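Chemist: Structure incoming, see below.
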Protein chains: 2
Amino acid sequence: MDCSVARSLDVVGEWWTLLVVRELMQGHDRFEVIQTDLGIARNILSDRLNTLVAHGVAERVKYHDHPERFEYHLTEKGRDLFPVIVALMGWGDRWAAVDGPPAEVRHECPGHGEPVLVCSACGQPLALHDVRIIGRHAVPA
Amino acid sequence: MDCSVARSLDVVGEWWTLLVVRELMQGHDRFEVIQTDLGIARNILSDRLNTLVAHGVAERVKYHDHPERFEYHLTEKGRDLFPVIVALMGWGDRWAAVDGPPAEVRHECPGHGEPVLVCSACGQPLALHDVRIIGRHAVPA
């Protein structure tokens with residue numbers, strides 16, 4: 001399918017995968033920590049981490065020699081999933097967080113702003129009814 | 001799990017679900033059209049649409065009486081998944097689109113800008129290393 005949403009889901013669309021990415025974004029980079037945080041079966045976590053490494057989203061880094069111990073770091077490709085995680089957090093906050101948002105994403109600037117999706121040209125916040133989705137061979141009206 | 005990413009994935013985390021949402025965002029609102037576009041098995045599409053309706057992400061609207069025919073419209077909750085779709089499109093465009101982006105999202109303003117994630121306070125584009133993820137009971141530094 002010639003669709004970037006589908007291609008993204010091919011890599012990160014399995015249940016647990018984006019939650020593992022979220023853990024890595026928070027600096028939780030060791031198997032035992034992630035496993036405890038998520039309450040995920042060890043074989044499934046192992047499988048999801050292997051998938052992330054195979055797709056170049058994360059890399060496996062040795063941090064101890066005897067015995068050998070590894071941790072997982074996001075690559076540039078993995079860190080670039082930040083807008084996906086932010087979007088899923090925002091939607092869950094607005095539509096499913098019965099007790100209010102469990103966590104906040106704040107910019108390290110004096111105003112401690114939150115992420116917001118805007119137009120690169122005019123700076124207005126964007127929603128679905130403000131945009132056109134244009135196929136490759138079409139041109140903007 | 002007290003996590004808005006997890007709560008979002010509970011609703012839209014099954015394979016196909018976000019692709020169905022993408023179809024509805026493009027105005028492809030009838031079963032046969034979506035089924036042809038996605039090349040998805042009818043029973044799976046039926047299941048995913050029922051899930052979206054059950055969670056209030058889409059609604060089933062009758063558009064013909066004899067015989068009865070229905071189409072699916074996104075609710076406000078469904079239209080609010082726009083940032084999730086935009087984020088997955090963007091990541092797929094950057095990391096998996098071998099022939100360039102198959103589609104573009106453009107604002108209906110004179111500059112035809114693209115969606116970009118910025119800070120609500122200072123307006124700077126945001127990436128993972130620019131932010132802190134803060135748990136509910138912590139305060140910004």
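By order in the structure tokens, chains are A, B, ...; within a chain, residues start at 1; ligands start at 1, following the order shown.
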Using only C-alpha atoms, find each residue of chain A with at least one atom at most 6 Å away from an atom of chain B; report its shortest atom-to-atom pair and that distance in Å (one decimal), sort the rows by chain and rising residue number, and return the result as CSV.

Modeler:
residue,atom,partner,partner_atom,distance
A:Ser4,CA,B:Gly92,CA,4.4
A:Val5,CA,B:Met89,CA,4.8
A:Arg7,CA,B:Gly92,CA,5.7
A:Ser8,CA,B:Gly92,CA,4.9
A:Phe82,CA,B:Leu128,CA,5.8
A:Pro83,CA,B:Ala87,CA,5.5
A:Val84,CA,B:Ala87,CA,5.0
A:Ala87,CA,B:Val84,CA,5.0
A:Leu88,CA,B:Val5,CA,5.1
A:Met89,CA,B:Val5,CA,4.8
A:Gly92,CA,B:Ser4,CA,4.4
A:Asp93,CA,B:Ser4,CA,5.6
A:Pro102,CA,B:Arg136,CA,5.1
A:Ala103,CA,B:Gly135,CA,4.3
A:Glu104,CA,B:Ile134,CA,5.1
A:Val105,CA,B:Ile133,CA,4.6
A:Arg106,CA,B:Val131,CA,5.4
A:His107,CA,B:Val131,CA,4.4
A:Glu108,CA,B:Val131,CA,5.4
A:Gly111,CA,B:Ala121,CA,5.3
A:Gly113,CA,B:Ala121,CA,4.4
A:Glu114,CA,B:Ser120,CA,5.3
A:Pro115,CA,B:Cys119,CA,4.9
A:Val116,CA,B:Val118,CA,5.4
A:Leu117,CA,B:Leu117,CA,4.6
A:Val118,CA,B:Val116,CA,5.5
A:Cys119,CA,B:Pro115,CA,4.9
A:Ser120,CA,B:Gly113,CA,4.8
A:Ala121,CA,B:Gly113,CA,4.4
A:Leu128,CA,B:Phe82,CA,5.8
A:Asp130,CA,B:His107,CA,5.9
A:Val131,CA,B:His107,CA,4.4
A:Arg132,CA,B:Arg106,CA,5.4
A:Ile133,CA,B:Val105,CA,4.6
A:Ile134,CA,B:Glu104,CA,5.1
A:Gly135,CA,B:Ala103,CA,4.3
A:Arg136,CA,B:Ala103,CA,5.0

Chemist: Report the distance between atom CA of A:Ile40 and atom CA of A:Glu71 in Å, rounded to one decimal place.

Modeler: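 Between these atoms lies a distance of 17.1 Å.
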
Chemist: Within 8 Å of stretch 46-49 of chain A, counting only C-alpha atoms, which residues show up once you throw out same-chain ones fewer than 2 positions away? Write them as a ChimeraX atom specification, please.

Modeler: /A:16-17,20,42-44,51-53,58

Chemist: Those selected residues, please, written with C-alpha atoms and delivered as a short mmCIF file (atom, residue, chain, number, x, y, z; two decimals), in the first residue's frame.

Modeler:
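Generated output (result_3.cif):
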data_model
loop_
_atom_site.label_atom_id
_atom_site.label_comp_id
_atom_site.auth_asym_id
_atom_site.auth_seq_id
_atom_site.Cartn_x
_atom_site.Cartn_y
_atom_site.Cartn_z
CA TRP A 16 3.41 -2.74 22.93
CA THR A 17 5.89 -1.37 20.39
CA VAL A 20 8.39 0.44 24.52
CA ARG A 42 9.46 -11.15 28.86
CA ASN A 43 9.22 -12.97 25.54
CA ILE A 44 6.98 -10.25 24.07
CA THR A 51 11.89 -5.61 16.01
CA LEU A 52 12.92 -2.06 16.95
CA VAL A 53 16.61 -2.95 16.57
CA ALA A 58 16.75 1.42 18.59
#

Chemist: Give the answer as one residue: which of A:Val33, A:Leu74, A:Val98, A:Leu45 has the shortest atom-to-atom distance to A:Glu59, using only C-alpha atoms?

Modeler: A:Leu74

Chemist: May I ask which of the residues B:Thr75, B:Thr36, B:Arg30, B:Ala41 is the closest one to B:Gly56, counting only C-alpha atoms?

Modeler: B:Thr75

Chemist: I need the residues of stretch 75-127 of chain B that end up classed as strand (DSSP E) by DSSP on the backbone, written out as JSON, numbers by chain.

Modeler: {"B": [103, 104, 105, 106, 107, 115, 116, 117, 118, 119]}

Chemist: Would you mind writing down, as number ranges by chain, each residue of chain B that DSSP on the backbone assigns to alpha helix (DSSP H)?

Modeler: B: 4-12, 17-25, 31-38, 42-54, 76-79, 82-96

Chemist: In Å, how far is it from atom CA of A:Pro67 to atom CA of A:Leu24?

Modeler: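 Calculated distance between atom CA of A:Pro67 and atom CA of A:Leu24 is 22.8 Å.
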